[in-house]
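Shown next: model.cif, given as mmCIF, C-alpha atoms and all ligand atoms.
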data_entry
#
loop_
_atom_site.label_atom_id
_atom_site.label_comp_id
_atom_site.auth_asym_id
_atom_site.auth_seq_id
_atom_site.Cartn_x
_atom_site.Cartn_y
_atom_site.Cartn_z
CA MET A 21 85.35 52.52 151.03
CA THR A 22 87.93 53.99 148.65
CA VAL A 23 90.58 56.16 150.25
CA ARG A 24 91.35 59.18 148.05
CA ILE A 25 95.08 59.86 148.16
CA GLY A 26 97.19 62.92 147.36
CA VAL A 27 100.85 62.20 146.55
CA ILE A 28 103.54 64.84 147.13
CA GLY A 29 106.69 64.06 145.13
CA THR A 30 106.36 62.10 141.89
CA GLY A 31 109.97 60.99 141.49
CA ALA A 32 111.30 57.43 141.53
CA ILE A 33 109.49 56.01 144.54
CA GLY A 34 106.55 58.40 144.18
CA GLN A 35 105.77 56.87 140.78
CA GLU A 36 106.20 53.36 142.17
CA HIS A 37 103.77 54.12 144.99
CA ILE A 38 101.24 55.85 142.67
CA GLN A 39 101.30 52.76 140.47
CA ARG A 40 100.68 50.35 143.35
CA LEU A 41 98.06 52.58 145.05
CA SER A 42 96.18 52.92 141.73
CA LYS A 43 96.61 49.54 140.08
CA LYS A 44 97.58 46.93 142.63
CA LEU A 45 96.24 47.57 146.11
CA VAL A 46 92.68 47.36 147.36
CA GLY A 47 90.71 50.40 148.53
CA SER A 48 92.80 53.31 147.29
CA GLN A 49 92.76 55.82 144.44
CA VAL A 50 95.29 58.57 143.71
CA VAL A 51 93.24 61.72 143.02
CA ALA A 52 95.86 64.47 143.46
CA ILE A 53 99.56 64.99 142.87
CA ASN A 54 102.12 67.70 143.57
CA ASP A 55 105.76 68.06 142.60
CA ILE A 56 108.11 71.00 142.11
CA ASN A 57 108.57 69.66 138.58
CA GLU A 58 105.09 70.05 137.07
CA THR A 59 105.95 68.63 133.64
CA ALA A 60 107.57 65.49 135.01
CA ALA A 61 104.66 64.96 137.42
CA LYS A 62 102.06 65.23 134.67
CA THR A 63 104.09 62.95 132.38
CA ALA A 64 104.33 60.38 135.17
CA VAL A 65 100.58 60.17 135.85
CA ASN A 66 99.83 60.07 132.12
CA ARG A 67 102.24 57.15 131.76
CA ILE A 68 100.60 55.32 134.67
CA GLY A 69 97.22 56.12 133.12
CA ILE A 70 95.32 57.77 135.95
CA ASP A 71 93.31 60.94 136.16
CA ALA A 72 94.76 62.88 139.10
CA GLN A 73 94.56 66.63 139.60
CA PHE A 74 97.90 68.47 139.68
CA TYR A 75 98.35 71.00 142.51
CA ALA A 76 101.11 73.58 142.13
CA ASN A 77 101.22 73.95 145.92
CA ALA A 78 101.58 70.96 148.26
CA HIS A 79 99.66 72.74 151.04
CA ASP A 80 96.63 73.18 148.76
CA LEU A 81 96.76 69.43 148.01
CA ILE A 82 96.89 68.61 151.73
CA LYS A 83 93.87 70.83 152.43
CA ALA A 84 91.81 69.73 149.38
CA SER A 85 88.36 68.48 150.42
CA ASP A 86 88.48 65.46 148.08
CA VAL A 87 91.84 64.26 149.49
CA ASP A 88 91.41 61.86 152.44
CA ALA A 89 95.07 60.97 153.04
CA ILE A 90 98.56 62.06 152.00
CA VAL A 91 101.60 60.12 150.74
CA VAL A 92 104.87 62.07 151.02
CA THR A 93 107.54 60.89 148.58
CA SER A 94 109.38 64.15 147.96
CA TRP A 95 113.03 64.68 148.99
CA GLY A 96 113.91 63.94 152.60
CA PRO A 97 114.43 67.57 153.78
CA THR A 98 110.84 68.43 152.73
CA HIS A 99 109.15 65.65 154.73
CA GLU A 100 108.87 67.42 158.08
CA GLU A 101 106.91 70.37 156.68
CA PHE A 102 104.42 68.19 154.76
CA VAL A 103 103.83 65.74 157.62
CA LEU A 104 103.23 68.59 160.08
CA ALA A 105 100.77 70.18 157.62
CA SER A 106 98.94 66.84 157.20
CA ILE A 107 98.58 66.47 160.97
CA ALA A 108 97.34 70.08 161.19
CA ALA A 109 94.69 69.17 158.59
CA GLY A 110 93.79 66.05 160.65
CA LYS A 111 94.63 63.73 157.72
CA PRO A 112 96.46 60.37 157.77
CA VAL A 113 99.93 60.60 156.21
CA PHE A 114 102.33 57.98 154.92
CA CYS A 115 105.83 59.49 154.82
CA GLU A 116 108.76 57.86 153.06
CA LYS A 117 111.90 57.61 155.17
CA PRO A 118 113.38 59.62 156.74
CA LEU A 119 110.44 61.08 158.70
CA ALA A 120 112.62 64.20 159.08
CA VAL A 121 116.34 64.63 158.56
CA THR A 122 117.03 65.33 162.26
CA ALA A 123 115.71 63.93 165.53
CA ALA A 124 114.56 67.45 166.49
CA GLY A 125 112.41 67.54 163.33
CA CYS A 126 110.92 64.10 164.10
CA LYS A 127 110.20 65.19 167.69
CA LYS A 128 108.11 68.10 166.40
CA ILE A 129 106.02 65.57 164.46
CA VAL A 130 105.68 63.28 167.50
CA ASP A 131 104.57 66.25 169.65
CA ALA A 132 102.05 67.41 167.02
CA GLU A 133 100.59 63.91 166.67
CA ILE A 134 100.25 63.45 170.44
CA LYS A 135 98.59 66.88 170.65
CA HIS A 136 96.18 65.83 167.89
CA GLY A 137 95.27 62.88 170.14
CA LYS A 138 95.10 60.12 167.52
CA ARG A 139 97.76 58.39 165.39
CA LEU A 140 97.87 59.64 161.81
CA VAL A 141 101.48 59.02 160.73
CA GLN A 142 103.07 55.92 159.19
CA VAL A 143 106.72 55.98 158.14
CA GLY A 144 107.89 54.14 155.01
CA PHE A 145 110.21 51.69 156.74
CA MET A 146 109.28 48.64 154.70
CA ARG A 147 111.81 46.08 155.87
CA PRO A 148 109.73 44.79 158.83
CA PHE A 149 107.13 43.86 156.19
CA ASP A 150 109.66 41.95 154.07
CA SER A 151 109.31 38.16 154.17
CA THR A 152 113.08 37.51 154.43
CA TYR A 153 113.47 39.80 157.46
CA ARG A 154 110.36 38.19 158.97
CA GLN A 155 111.93 34.73 158.55
CA LEU A 156 115.10 35.93 160.25
CA LYS A 157 113.09 37.47 163.09
CA SER A 158 111.11 34.23 163.57
CA ALA A 159 114.38 32.29 163.82
CA LEU A 160 115.63 34.64 166.56
CA ASP A 161 112.28 34.72 168.38
CA ASN A 162 112.18 30.89 168.26
CA ASP A 163 115.59 30.80 169.94
CA GLU A 164 117.19 28.91 167.04
CA ILE A 165 120.68 30.35 167.75
CA GLY A 166 120.40 31.40 171.41
CA GLN A 167 120.87 35.02 172.37
CA PRO A 168 122.18 37.26 169.56
CA LEU A 169 125.72 38.49 170.33
CA LEU A 170 126.87 40.34 167.23
CA LEU A 171 125.62 41.26 163.75
CA ASN A 172 127.39 41.73 160.43
CA CYS A 173 125.33 43.73 157.94
CA LYS A 174 125.85 45.17 154.48
CA HIS A 175 123.91 47.93 152.73
CA PHE A 176 125.37 48.19 149.23
CA ASN A 177 124.02 50.21 146.28
CA PRO A 178 125.59 49.93 142.81
CA GLU A 179 125.98 53.72 142.50
CA VAL A 180 124.55 57.04 143.66
CA GLY A 181 124.11 60.45 142.02
CA ASP A 182 126.37 63.45 142.51
CA SER A 183 123.98 65.03 145.04
CA TYR A 184 124.58 62.17 147.50
CA THR A 185 126.84 63.34 150.35
CA THR A 186 128.71 61.63 153.20
CA ASP A 187 125.97 62.24 155.81
CA MET A 188 123.37 60.68 153.46
CA ALA A 189 125.07 57.32 154.00
CA ILE A 190 123.46 57.63 157.45
CA VAL A 191 120.23 59.65 157.05
CA ASP A 192 119.22 58.16 153.70
CA THR A 193 120.79 54.69 153.63
CA LEU A 194 121.77 53.35 157.09
CA ILE A 195 118.42 54.68 158.37
CA HIS A 196 116.85 51.41 157.11
CA GLU A 197 119.19 49.33 159.33
CA LEU A 198 118.65 51.74 162.23
CA ASP A 199 114.95 50.99 161.94
CA VAL A 200 114.84 47.30 161.10
CA LEU A 201 117.53 46.12 163.52
CA ARG A 202 115.79 47.80 166.43
CA TRP A 203 112.66 45.83 165.45
CA LEU A 204 114.58 42.61 164.73
CA LEU A 205 116.41 42.57 168.07
CA ASP A 206 113.71 44.28 170.16
CA ASP A 207 116.46 46.52 171.50
CA ASP A 208 117.67 50.13 171.43
CA TYR A 209 121.06 51.55 170.54
CA THR A 210 123.46 53.04 173.09
CA SER A 211 126.46 54.15 171.01
CA ALA A 212 127.83 54.60 167.50
CA ARG A 213 131.23 54.86 165.90
CA VAL A 214 132.13 55.37 162.22
CA ILE A 215 135.27 54.15 160.45
CA TYR A 216 136.29 55.16 156.93
CA PRO A 217 138.20 52.43 155.05
CA ARG A 218 140.20 53.25 151.92
CA LYS A 219 137.98 55.36 149.65
CA THR A 220 136.75 53.89 146.36
CA SER A 221 137.83 55.76 143.21
CA LYS A 222 134.17 55.47 142.06
CA ALA A 223 132.89 57.96 144.70
CA SER A 224 132.55 61.73 144.13
CA SER A 225 134.98 64.13 145.82
CA HIS A 226 132.34 65.01 148.45
CA LEU A 227 131.49 61.44 149.47
CA MET A 228 133.36 59.14 151.82
CA ASP A 229 132.53 55.67 150.53
CA PRO A 230 132.57 52.96 151.89
CA GLN A 231 131.87 53.53 155.58
CA ILE A 232 131.63 51.15 158.53
CA VAL A 233 129.21 51.96 161.36
CA ILE A 234 129.59 50.12 164.66
CA LEU A 235 126.56 50.28 166.94
CA GLU A 236 126.13 48.93 170.45
CA THR A 237 122.76 48.12 171.98
CA LYS A 238 121.32 48.13 175.50
CA LYS A 239 121.61 44.31 175.57
CA GLY A 240 125.31 44.64 174.66
CA ILE A 241 124.96 43.40 171.06
CA VAL A 242 127.57 44.86 168.69
CA ILE A 243 126.40 45.60 165.14
CA ASN A 244 128.86 46.08 162.34
CA THR A 245 127.33 47.60 159.17
CA GLU A 246 129.23 48.25 155.97
CA ILE A 247 127.68 50.96 153.79
CA PHE A 248 129.03 51.02 150.25
CA VAL A 249 126.90 53.02 147.81
CA ASN A 250 129.16 52.80 144.74
CA CYS A 251 129.87 49.06 144.90
CA GLN A 252 129.15 48.75 141.14
CA TYR A 253 128.02 45.11 141.19
CA GLY A 254 124.47 45.24 142.60
CA TYR A 255 121.97 46.15 145.30
CA ASP A 256 123.06 43.91 148.12
CA ILE A 257 121.43 43.81 151.55
CA GLN A 258 122.89 41.36 154.04
CA CYS A 259 122.36 40.67 157.71
CA GLU A 260 124.11 37.91 159.63
CA VAL A 261 123.30 37.35 163.29
CA VAL A 262 125.87 35.49 165.40
CA GLY A 263 124.21 33.88 168.39
CA GLU A 264 125.32 31.76 171.33
CA THR A 265 124.75 28.46 169.50
CA GLY A 266 124.77 29.33 165.79
CA ILE A 267 124.52 31.88 162.99
CA ALA A 268 121.32 33.02 161.26
CA SER A 269 121.47 34.97 158.00
CA LEU A 270 118.94 37.04 156.07
CA PRO A 271 117.75 34.78 153.20
CA GLU A 272 118.87 35.92 149.75
CA PRO A 273 116.04 36.94 147.37
CA THR A 274 115.11 33.96 145.22
CA GLN A 275 116.84 33.87 141.83
CA VAL A 276 117.12 31.02 139.34
CA PRO A 277 120.53 29.32 139.69
CA PHE A 278 122.23 28.52 136.37
CA ARG A 279 124.80 25.89 135.51
CA LYS A 280 126.13 27.02 132.16
CA GLY A 281 129.30 27.96 130.31
CA GLY A 282 131.47 26.28 132.94
CA ASN A 283 129.91 28.35 135.76
CA LEU A 284 127.45 27.88 138.61
CA GLN A 285 125.79 31.30 138.85
CA ARG A 286 122.85 33.22 140.33
CA ALA A 287 121.95 36.83 139.59
CA ILE A 288 122.24 39.59 142.20
CA LEU A 289 119.53 42.27 142.08
CA VAL A 290 120.72 45.69 140.96
CA ASP A 291 117.67 47.91 141.46
CA TRP A 292 116.40 48.71 145.00
CA LYS A 293 112.84 48.86 143.63
CA LYS A 294 112.85 45.09 143.09
CA ARG A 295 114.47 43.92 146.33
CA PHE A 296 111.60 45.03 148.59
CA ILE A 297 108.82 45.17 146.00
CA ASP A 298 106.42 42.96 147.99
CA ALA A 299 107.21 44.74 151.25
CA TYR A 300 106.22 48.09 149.69
CA ASP A 301 102.89 46.55 148.64
CA VAL A 302 102.21 45.17 152.12
CA GLU A 303 103.20 48.36 153.97
CA LEU A 304 101.00 50.57 151.79
CA GLN A 305 98.08 48.15 152.00
CA ALA A 306 98.56 48.32 155.78
CA PHE A 307 98.35 52.14 155.53
CA ILE A 308 95.03 51.90 153.65
CA ASN A 309 93.74 49.36 156.16
CA ASN A 310 94.83 51.57 159.07
CA ILE A 311 92.77 54.41 157.58
CA VAL A 312 89.72 52.24 156.92
CA THR A 313 89.73 50.78 160.45
CA GLY A 314 90.59 54.19 161.95
CA ASN A 315 93.23 52.45 164.03
CA PHE A 316 96.94 52.81 163.24
CA THR A 317 98.19 49.43 164.51
CA GLU A 318 100.48 48.45 161.64
CA GLY A 319 103.77 49.78 160.36
CA ALA A 320 106.38 52.18 161.68
CA SER A 321 105.00 54.98 163.83
CA ALA A 322 106.26 58.55 164.13
CA TRP A 323 107.99 57.32 167.29
CA ASP A 324 109.84 54.66 165.26
CA GLY A 325 110.83 57.43 162.81
CA TYR A 326 112.07 59.50 165.76
CA ALA A 327 114.00 56.54 167.26
CA ALA A 328 115.83 55.95 163.98
CA ALA A 329 116.61 59.67 163.74
CA VAL A 330 118.02 59.85 167.30
CA ALA A 331 120.46 57.08 166.33
CA ALA A 332 121.15 58.73 162.96
CA ASP A 333 122.03 62.05 164.64
CA ALA A 334 124.65 60.25 166.78
CA CYS A 335 126.03 58.41 163.73
CA VAL A 336 126.41 61.70 161.82
CA LYS A 337 128.22 63.19 164.85
CA ALA A 338 130.44 60.09 164.96
CA GLN A 339 131.24 60.59 161.26
CA GLN A 340 132.50 64.07 162.10
CA THR A 341 134.34 63.41 165.40
CA GLY A 342 135.74 59.92 164.83
CA ASN A 343 134.73 59.19 168.43
CA VAL A 344 132.30 56.74 170.00
CA GLU A 345 129.13 58.83 170.39
CA ALA A 346 126.37 58.06 172.89
CA ILE A 347 122.82 57.39 171.70
CA VAL A 348 120.30 58.41 174.32
CA MET A 349 116.80 57.23 173.48
CA PRO A 350 113.99 58.66 175.66
CA ALA A 351 111.33 56.27 177.02
CA THR A 352 108.44 55.51 174.64
CA PRO A 353 105.38 57.66 175.48
CA SER A 354 102.26 55.61 176.36
CA PHE A 355 100.59 57.08 173.23
CA TYR A 356 102.89 54.85 171.10
CA LYS A 357 102.85 51.70 173.24
CA LYS A 358 100.98 48.72 171.76
P1 LIG A 401 113.54 61.56 143.41
O1 LIG A 401 114.56 62.65 143.38
O2 LIG A 401 113.43 60.63 142.24
O3 LIG A 401 112.09 62.17 143.63
C1 LIG A 401 111.83 63.23 144.52
C2 LIG A 401 110.71 64.07 143.90
O4 LIG A 401 110.30 65.05 144.85
C3 LIG A 401 111.19 64.78 142.66
O5 LIG A 401 110.26 64.55 141.63
C4 LIG A 401 111.20 66.24 143.09
O6 LIG A 401 110.89 67.11 142.05
C5 LIG A 401 110.12 66.26 144.18
N1 LIG A 401 110.25 67.33 145.15
C6 LIG A 401 111.37 67.78 145.77
N2 LIG A 401 111.09 68.81 146.58
C7 LIG A 401 109.74 68.99 146.49
C8 LIG A 401 108.84 69.91 147.10
N3 LIG A 401 109.25 70.87 147.93
N4 LIG A 401 107.53 69.81 146.79
C9 LIG A 401 107.09 68.87 145.93
N5 LIG A 401 107.91 67.97 145.31
C10 LIG A 401 109.21 68.04 145.60
O7 LIG A 401 113.80 60.77 144.77
P2 LIG A 401 113.28 59.34 145.20
O8 LIG A 401 114.33 58.32 144.97
O9 LIG A 401 111.92 59.09 144.65
O10 LIG A 401 113.17 59.55 146.80
C11 LIG A 401 112.10 60.28 147.38
C12 LIG A 401 111.99 59.90 148.87
O11 LIG A 401 111.73 58.52 148.98
C13 LIG A 401 113.27 60.17 149.66
O12 LIG A 401 112.91 60.58 150.94
C14 LIG A 401 113.93 58.80 149.74
O13 LIG A 401 114.72 58.67 150.90
C15 LIG A 401 112.73 57.88 149.78
N6 LIG A 401 113.02 56.58 149.21
C16 LIG A 401 112.71 55.48 149.94
C17 LIG A 401 113.00 54.23 149.49
C18 LIG A 401 112.69 53.03 150.31
O14 LIG A 401 113.25 51.99 150.03
N7 LIG A 401 111.83 53.13 151.29
C19 LIG A 401 113.64 54.03 148.19
C20 LIG A 401 113.88 55.26 147.46
C21 LIG A 401 113.58 56.48 147.99
P1 LIG A 402 104.18 43.90 166.49
O1 LIG A 402 103.50 44.79 165.53
O2 LIG A 402 103.38 43.13 167.45
O3 LIG A 402 105.23 44.75 167.37
C1 LIG A 402 106.53 45.02 166.92
C2 LIG A 402 107.21 46.08 167.79
O4 LIG A 402 108.15 46.71 166.94
C3 LIG A 402 106.31 47.18 168.36
O5 LIG A 402 106.80 47.56 169.62
C4 LIG A 402 106.44 48.33 167.37
O6 LIG A 402 106.42 49.62 167.95
C5 LIG A 402 107.82 48.07 166.79
N1 LIG A 402 107.83 48.33 165.40
C6 LIG A 402 106.84 48.13 164.47
N2 LIG A 402 107.26 48.56 163.27
C7 LIG A 402 108.51 49.02 163.48
C8 LIG A 402 109.45 49.61 162.66
N3 LIG A 402 109.23 49.81 161.37
N4 LIG A 402 110.64 49.98 163.21
C9 LIG A 402 110.91 49.79 164.51
N5 LIG A 402 110.04 49.24 165.34
C10 LIG A 402 108.87 48.86 164.82
O7 LIG A 402 105.21 42.93 165.70
P2 LIG A 402 105.01 42.00 164.48
O8 LIG A 402 103.74 41.26 164.50
O9 LIG A 402 106.26 41.25 164.42
O10 LIG A 402 104.85 43.00 163.21
C11 LIG A 402 105.89 43.81 162.71
C12 LIG A 402 105.41 44.57 161.48
O11 LIG A 402 105.19 43.70 160.35
C13 LIG A 402 104.08 45.19 161.81
O12 LIG A 402 104.05 46.45 161.24
C14 LIG A 402 103.11 44.23 161.16
O13 LIG A 402 101.93 44.85 160.84
C15 LIG A 402 103.83 43.76 159.93
N6 LIG A 402 103.33 42.48 159.46
C16 LIG A 402 103.56 42.12 158.17
C17 LIG A 402 103.12 40.90 157.69
C18 LIG A 402 103.41 40.52 156.30
O14 LIG A 402 102.85 39.57 155.80
N7 LIG A 402 104.28 41.22 155.61
C19 LIG A 402 102.47 40.05 158.53
C20 LIG A 402 102.27 40.43 159.82
C21 LIG A 402 102.70 41.63 160.28
C1 LIG A 403 117.23 54.98 148.98
O1 LIG A 403 116.60 56.21 149.25
C2 LIG A 403 116.55 53.87 149.69
O2 LIG A 403 115.74 54.04 150.54
C3 LIG A 403 117.12 52.55 149.40
O3 LIG A 403 116.38 51.53 150.03
C4 LIG A 403 118.54 52.58 149.91
O4 LIG A 403 119.17 51.35 149.65
C5 LIG A 403 119.33 53.69 149.25
O5 LIG A 403 120.64 53.71 149.76
C6 LIG A 403 118.66 55.03 149.48
O6 LIG A 403 119.35 56.03 148.83
#

Please rewrite the model in this file as structure tokens.
Amino acid sequence: MTVRIGVIGTGAIGQEHIQRLSKKLVGSQVVAINDINETAAKTAVNRIGIDAQFYANAHDLIKASDVDAIVVTSWGPTHEEFVLASIAAGKPVFCEKPLAVTAAGCKKIVDAEIKHGKRLVQVGFMRPFDSTYRQLKSALDNDEIGQPLLLNCKHFNPEVGDSYTTDMAIVDTLIHELDVLRWLLDDDYTSARVIYPRKTSKASSHLMDPQIVILETKKGIVINTEIFVNCQYGYDIQCEVVGETGIASLPEPTQVPFRKGGNLQRAILVDWKKRFIDAYDVELQAFINNIVTGNFTEGASAWDGYAAAVAADACVKAQQTGNVEAIVMPATPSFYKK
């Protein structure tokens, strides 16, 4: 069976996903595309070399009879509308993070999916599919360092565009940690606080950068995450877990070490597309497999998207108040329990 996909949003990650769905993965074909920028969308599919119909209206694409499933890779604030429309059409939908930009928006999606009666939504949180995070999780699950006590994480990007604002450090960037750490620790967050260190001269006037977010969990673990999206030097994702008997760190992506010119050196990745390239493949193959089996067992659910957004809402509030803000996560509905 070949799953016929319609992609909404043919920007950076949309093009990446069209490429892998068309040329790399098994059982999928991109047959339809939509973007507010028609010329760029058509140029993109021509470059990739596929024959996909352009729809001027995303809702027409969602309803099209030859589209079996939807991939939403448009800007974050548009996700909620397109995911709700996909559920209304009874079609499986893979939505890039964030599922919606607020917890209230994610809750509407959760409610619509439960009302539909069958899981249709997968959120593009790819880190639980990444082999380095999986190695770290195995180490914790195998009790290699005893109980985790505190975490030190970094989410650094070399630079961001002018449209990137202070709250996006949470809803667009930290959202990955909010998702993956919940999975890694099998825990939920209880509070958040945000500290602004000295601001880099490389950030725009409307962006506080870097930021430090301190989260606490139900088990009492304290998580310190530095977000620095104009760090200049590379795309650097780090996660160090301090346990009762040792420290476990996220393995660095493999790079050839060089001894040359009087230096011992190893490259740091610069482009986010490369750091999790395999994880994107595995998560989207999982989406196709979920559709083929008719059983959404793999990948982040709408509930996971909601959980990350509940924490993100509190972090954004903490950015504004400077206070420790409570994170109150409702119990998981039985619909989403494995
Ligand atoms: P981008 O700006 O390159 O692409 C967004 C595209 O959506 C643009 O082509 C734009 O014209 C289109 N668009 C915007 N509003 C639209 C609408 N109403 N209808 C149809 N098309 C619309 O952005 P990028 O980097 O590709 O990000 C897209 C999404 O993917 C964001 O939600 C972002 O957070 C997520 N993302 C996820 C990553 C991951 O690691 N999982 C990495 C990069 C992005
Ligand atoms: P699992 O699927 O048995 O359960 C993990 C728990 O974490 C569940 O309660 C689930 O609701 C939750 N969860 C799943 N995805 C989440 C996310 N993105 N954010 C927050 N919580 C999440 O656990 P597992 O076997 O460790 O699998 C974890 C993920 O990795 C699954 O989606 C799985 O399909 C995938 N996986 C990938 C590979 C690979 O080779 N890359 C191999 C096996 C599994
Ligand atoms: C981007 O949208 C991503 O999802 C990247 O993984 C993240 O590192 C970056 O900060 C976001 O803007």

With distances taken over only C-alpha atoms, which residue among A:Glu100, A:Asp208, A:Asp291, A:Asp333 lies nearest A:Glu179?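 Looking only at the distances to A:Glu179, the closest residue turns out to be A:Asp291.
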
Listing only residues of stretch 105-195 of chain A within 12 Å of stretch 274-288 of chain A, what is the closest atom pair and its distance in Å (to one decimal) for each, using all atoms listed in the file, sorted by chain and residue number ascending, as a tab-separated table?
residue	atom	partner	partner_atom	distance
A:Ser151	CA	A:Thr274	CA	11.5
A:Thr152	CA	A:Thr274	CA	10.1
A:Phe176	CA	A:Ile288	CA	11.5
A:Asn177	CA	A:Ile288	CA	11.5
A:Pro178	CA	A:Ile288	CA	10.9

For the selection you just gave me, I'd like the residues written to a file as a tab-separated table (two decimals), keeping the file's coordinate frame, keeping C-alpha atoms.
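Here's the written file again_0.tsv:
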chain	number	residue	atom	x	y	z
A	151	SER	CA	109.31	38.16	154.17
A	152	THR	CA	113.08	37.51	154.43
A	176	PHE	CA	125.37	48.19	149.23
A	177	ASN	CA	124.02	50.21	146.28
A	178	PRO	CA	125.59	49.93	142.81

Using only C-alpha atoms, which of A:Leu235, A:Ala84, A:Val46, A:Val348 sits nearest A:Met21? A:Val46

Could you pull the residues within 8 Å of A:Pro271, counting only C-alpha atoms, minus those fewer than 6 positions along the same chain, as a PDB file with C-alpha atoms, keeping the file's coordinate frame?
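For reference, result.pdb as written:
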ATOM      1  CA  THR A 152     113.080  37.510 154.430  1.00  0.00           C
ATOM      2  CA  TYR A 153     113.470  39.800 157.460  1.00  0.00           C
ATOM      3  CA  GLN A 155     111.930  34.730 158.550  1.00  0.00           C
ATOM      4  CA  LEU A 156     115.100  35.930 160.250  1.00  0.00           C
TER       5      LEU A 156
END

Counting only C-alpha atoms and all ligand atoms, what are the residues of chain A within 10 Å of ligand LIG 403 (chain A), and for each of them which pair of atoms is the nearest and at what distance in Å, to one decimal? Sort the table by chain and rising number, as a tab-separated table.
residue	atom	partner	partner_atom	distance
A:Ala32	CA	A:LIG403	O1	9.4
A:Ile33	CA	A:LIG403	O1	8.5
A:Trp95	CA	A:LIG403	O1	9.2
A:Gly96	CA	A:LIG403	O1	8.8
A:Glu116	CA	A:LIG403	O2	8.3
A:Lys117	CA	A:LIG403	O2	7.0
A:Pro118	CA	A:LIG403	O2	8.7
A:Gly144	CA	A:LIG403	O2	9.0
A:Phe145	CA	A:LIG403	O2	8.6
A:Met146	CA	A:LIG403	O3	9.0
A:Arg147	CA	A:LIG403	O3	9.2
A:His175	CA	A:LIG403	O4	6.6
A:Phe176	CA	A:LIG403	O4	7.0
A:Asn177	CA	A:LIG403	O5	6.0
A:Pro178	CA	A:LIG403	O5	9.3
A:Glu179	CA	A:LIG403	O5	9.0
A:Val180	CA	A:LIG403	O6	7.4
A:Gly181	CA	A:LIG403	O6	9.4
A:Tyr184	CA	A:LIG403	O6	8.2
A:Met188	CA	A:LIG403	O6	7.7
A:Ala189	CA	A:LIG403	O5	7.1
A:Ile190	CA	A:LIG403	O5	9.1
A:Val191	CA	A:LIG403	C6	9.0
A:Asp192	CA	A:LIG403	C6	5.3
A:Thr193	CA	A:LIG403	O5	4.0
A:Leu194	CA	A:LIG403	O5	7.4
A:Ile195	CA	A:LIG403	O2	8.3
A:His196	CA	A:LIG403	O3	7.1
A:Glu197	CA	A:LIG403	O4	9.9
A:Ile247	CA	A:LIG403	O5	8.6
A:Phe248	CA	A:LIG403	O5	8.8
A:Val249	CA	A:LIG403	O5	6.6
A:Asn250	CA	A:LIG403	O5	9.9
A:Tyr255	CA	A:LIG403	O4	7.3
A:Asp256	CA	A:LIG403	O4	8.5
A:Ile257	CA	A:LIG403	O4	8.1
A:Asp291	CA	A:LIG403	O4	9.0
A:Trp292	CA	A:LIG403	O3	5.8
A:Lys293	CA	A:LIG403	O3	7.8
A:Arg295	CA	A:LIG403	O3	8.7
A:Phe296	CA	A:LIG403	O3	8.2

So, with all atoms listed in the file as the atoms that count, which of A:Glu303, A:Asp88, A:Glu272, A:Glu318 lies closest to A:Glu260?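 Using all atoms listed in the file, A:Glu260 sits closest to A:Glu272.
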
Would you compute the box with edges along x, y and z of the file around ligand LIG 402 (chain A), including every atom the file lists for it and 6 Å extra on each side, and give its centre and edge lengths in Å to one decimal, as AutoDock Vina command-line options?
--center_x 106.4 --center_y 44.8 --center_z 162.6 --size_x 21.0 --size_y 22.4 --size_z 26.0

Find the residues near ligand LIG 402 (chain A). Use a cut-off of 6 Å, count only C-alpha atoms and all ligand atoms, and write them as a compact mmCIF listing (two decimals) with C-alpha atoms, in the frame of the given file.
# COMPACT_ATOMS: atom_id res chain seq x y z
CA PHE A 145 110.21 51.69 156.74
CA PRO A 148 109.73 44.79 158.83
CA PHE A 149 107.13 43.86 156.19
CA ASP A 150 109.66 41.95 154.07
CA ASP A 199 114.95 50.99 161.94
CA VAL A 200 114.84 47.30 161.10
CA ARG A 202 115.79 47.80 166.43
CA TRP A 203 112.66 45.83 165.45
CA VAL A 302 102.21 45.17 152.12
CA GLU A 318 100.48 48.45 161.64
CA GLY A 319 103.77 49.78 160.36
CA ALA A 320 106.38 52.18 161.68
CA ASP A 324 109.84 54.66 165.26

Please compute the atom CA of A:Tyr326-atom CA of A:Tyr356 distance, one decimal, in Å.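 A separation of 11.6 Å between them.
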
Quick one: pull the distance between atom C9 of ligand LIG 401 (chain A) and atom CA of A:Asn77, Å, one decimal.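 Computing the Euclidean distance for atom C9 of ligand LIG 401 (chain A) and atom CA of A:Asn77 yields 7.8 Å.
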